[in-house]
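Visitor: PDB, C-alpha atoms, pLDDT in the B column, saved as query.pdb, coming up:
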```pdb
ATOM      1  CA  MET V 136       0.000   0.000   0.000  1.00 86.00           C
ATOM      2  CA  PRO V 137       1.317   3.464  -0.790  1.00 94.00           C
ATOM      3  CA  LYS V 138       2.425   5.441   2.258  1.00 97.00           C
ATOM      4  CA  HIS V 139       1.823   9.195   2.409  1.00 98.00           C
ATOM      5  CA  GLU V 140       2.953  11.796   4.913  1.00 98.00           C
ATOM      6  CA  PHE V 141       0.855  14.836   5.814  1.00 98.00           C
ATOM      7  CA  SER V 142       1.416  17.822   8.040  1.00 98.00           C
ATOM      8  CA  VAL V 143      -1.634  18.524  10.227  1.00 98.00           C
ATOM      9  CA  ASP V 144      -1.783  21.485  12.612  1.00 97.00           C
ATOM     10  CA  MET V 145      -2.534  19.479  15.768  1.00 97.00           C
ATOM     11  CA  ALA V 146      -1.973  21.050  19.171  1.00 96.00           C
ATOM     12  CA  CYS V 147      -3.406  18.474  21.553  1.00 95.00           C
ATOM     13  CA  GLU V 148      -4.801  14.991  22.071  1.00 96.00           C
ATOM     14  CA  GLY V 149      -8.245  16.245  21.012  1.00 96.00           C
ATOM     15  CA  CYS V 150      -6.789  17.274  17.646  1.00 96.00           C
ATOM     16  CA  SER V 151      -5.226  13.865  17.065  1.00 97.00           C
ATOM     17  CA  ASN V 152      -8.509  12.212  18.129  1.00 98.00           C
ATOM     18  CA  ALA V 153     -10.310  14.250  15.433  1.00 97.00           C
ATOM     19  CA  VAL V 154      -7.802  12.964  12.841  1.00 98.00           C
ATOM     20  CA  THR V 155      -8.331   9.384  14.069  1.00 98.00           C
ATOM     21  CA  ARG V 156     -12.118   9.812  13.801  1.00 98.00           C
ATOM     22  CA  VAL V 157     -12.165  11.101  10.206  1.00 98.00           C
ATOM     23  CA  LEU V 158      -9.641   8.498   8.984  1.00 98.00           C
ATOM     24  CA  ASN V 159     -11.510   5.610  10.653  1.00 98.00           C
ATOM     25  CA  LYS V 160     -14.746   6.858   9.081  1.00 98.00           C
ATOM     26  CA  LEU V 161     -13.073   6.903   5.635  1.00 98.00           C
ATOM     27  CA  GLY V 162     -11.862   3.312   6.083  1.00 96.00           C
ATOM     28  CA  GLY V 163      -9.213   1.413   4.144  1.00 96.00           C
ATOM     29  CA  VAL V 164      -6.398   3.224   5.914  1.00 97.00           C
ATOM     30  CA  GLN V 165      -3.651   2.405   8.373  1.00 98.00           C
ATOM     31  CA  PHE V 166      -2.020   5.408   9.990  1.00 98.00           C
ATOM     32  CA  ASP V 167       0.379   6.693  12.614  1.00 97.00           C
ATOM     33  CA  ILE V 168      -0.044  10.076  14.252  1.00 98.00           C
ATOM     34  CA  ASP V 169       3.079  11.934  15.398  1.00 97.00           C
ATOM     35  CA  LEU V 170       1.548  14.651  17.572  1.00 97.00           C
ATOM     36  CA  PRO V 171       4.794  16.377  18.716  1.00 97.00           C
ATOM     37  CA  ASN V 172       5.918  16.835  15.084  1.00 97.00           C
ATOM     38  CA  LYS V 173       2.363  17.444  13.780  1.00 98.00           C
ATOM     39  CA  LYS V 174       2.608  14.691  11.166  1.00 98.00           C
ATOM     40  CA  VAL V 175       0.302  11.897  10.057  1.00 98.00           C
ATOM     41  CA  CYS V 176       1.625   8.935   8.037  1.00 98.00           C
ATOM     42  CA  ILE V 177      -1.096   7.064   6.159  1.00 98.00           C
ATOM     43  CA  ASP V 178      -0.945   3.717   4.336  1.00 97.00           C
ATOM     44  CA  SER V 179      -3.829   3.753   1.874  1.00 96.00           C
ATOM     45  CA  GLU V 180      -4.957   3.047  -1.672  1.00 96.00           C
ATOM     46  CA  HIS V 181      -7.045   6.253  -1.523  1.00 97.00           C
ATOM     47  CA  SER V 182      -5.810   9.179  -3.639  1.00 97.00           C
ATOM     48  CA  VAL V 183      -3.837  11.995  -2.014  1.00 97.00           C
ATOM     49  CA  ASP V 184      -6.732  14.356  -2.842  1.00 97.00           C
ATOM     50  CA  THR V 185      -9.190  12.107  -0.986  1.00 97.00           C
ATOM     51  CA  LEU V 186      -6.883  11.903   2.024  1.00 98.00           C
ATOM     52  CA  LEU V 187      -6.344  15.695   2.024  1.00 98.00           C
ATOM     53  CA  GLU V 188     -10.072  16.304   1.820  1.00 98.00           C
ATOM     54  CA  THR V 189     -10.717  13.835   4.646  1.00 98.00           C
ATOM     55  CA  LEU V 190      -8.036  15.344   6.907  1.00 98.00           C
ATOM     56  CA  GLY V 191      -9.444  18.789   6.079  1.00 97.00           C
ATOM     57  CA  LYS V 192     -12.734  17.787   7.725  1.00 97.00           C
ATOM     58  CA  THR V 193     -10.962  18.205  11.080  1.00 97.00           C
ATOM     59  CA  GLY V 194     -10.868  21.964  10.476  1.00 96.00           C
ATOM     60  CA  LYS V 195      -7.082  21.918  10.895  1.00 96.00           C
ATOM     61  CA  ALA V 196      -4.535  23.255   8.409  1.00 98.00           C
ATOM     62  CA  VAL V 197      -3.349  20.267   6.347  1.00 98.00           C
ATOM     63  CA  SER V 198      -0.614  19.902   3.741  1.00 98.00           C
ATOM     64  CA  TYR V 199       0.817  16.963   1.827  1.00 98.00           C
ATOM     65  CA  LEU V 200       4.502  16.353   2.564  1.00 98.00           C
ATOM     66  CA  GLY V 201       4.968  13.560   0.014  1.00 97.00           C
ATOM     67  CA  PRO V 202       5.355   9.810  -0.217  1.00 96.00           C
ATOM     68  CA  LYS V 203       7.015   8.158   2.757  1.00 87.00           C
TER
END
```
Show the structure stored in the file as structure tokens.
Guide:
Amino acid sequence: MPKHEFSVDMACEGCSNAVTRVLNKLGGVQFDIDLPNKKVCIDSEHSVDTLLETLGKTGKAVSYLGPK
């Protein structure tokens, strides 16, 4: 599965919980959240655009850092 790295402006546990919620709702993803460095690594067959849109539902600033 392709692995993608995103920067998400997370400040607290609540922020990372929001990311977990939207990704679990999307389904078909495995992910690791690095809260101190504000990064999310996602293994998924979904397109980068779909993942960006999904992460954007958290209301946080999101950017794609590239393949991992």
Visitor: Decode the PyMOL selection byres ((chain V and resi 154) around 9) for the given file into explicit residues and return them as a ChimeraX atom specification.
Guide: /V:143,145,149-153,155-159,168,175,189-190,192-193
Visitor: Which residue out of V:Glu188, V:Ser198, V:Ile177, V:Ser182 has the minimum interatomic distance to Val164 of chain V when only C-alpha atoms are used?
Guide: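 For Val164 of chain V, the nearest of the candidates is V:Ile177.
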Visitor: Decode the PyMOL selection byres ((chain V and resi 179) around 12) for the given file into explicit residues and return them as number ranges by chain.
Guide: V: 136-140, 158-159, 161-167, 176-178, 180-186, 202-203
Visitor: Restricting the calculation to all atoms listed in the file, which member of V:Lys160, V:Leu187, V:Lys173, V:Val197 is positioned closest to Glu148 of chain V?
Guide: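 Comparing V:Lys160, V:Leu187, V:Lys173, V:Val197 against Glu148 of chain V, the winner is V:Lys173.
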Visitor: Is it possible to get the axis-aligned box enclosing segment 142-156 of chain V (all listed atoms, 8 Å extra per side) as lines of an AutoDock Vina configuration file, with centre and edge lengths in Å rounded to one decimal?
Guide:
```
center_x = -5.4
center_y = 15.4
center_z = 15.1
size_x = 29.5
size_y = 28.1
size_z = 30.0
```
Visitor: For the structure shown, which residues end up in the PyMOL selection byres ((chain V and resi 200) around 6)? Put them as a list in words, please?
Guide: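 This file, filtered by the PyMOL selection byres ((chain V and resi 200) around 6), leaves Glu140, Phe141, Tyr199 and Gly201 of chain V.
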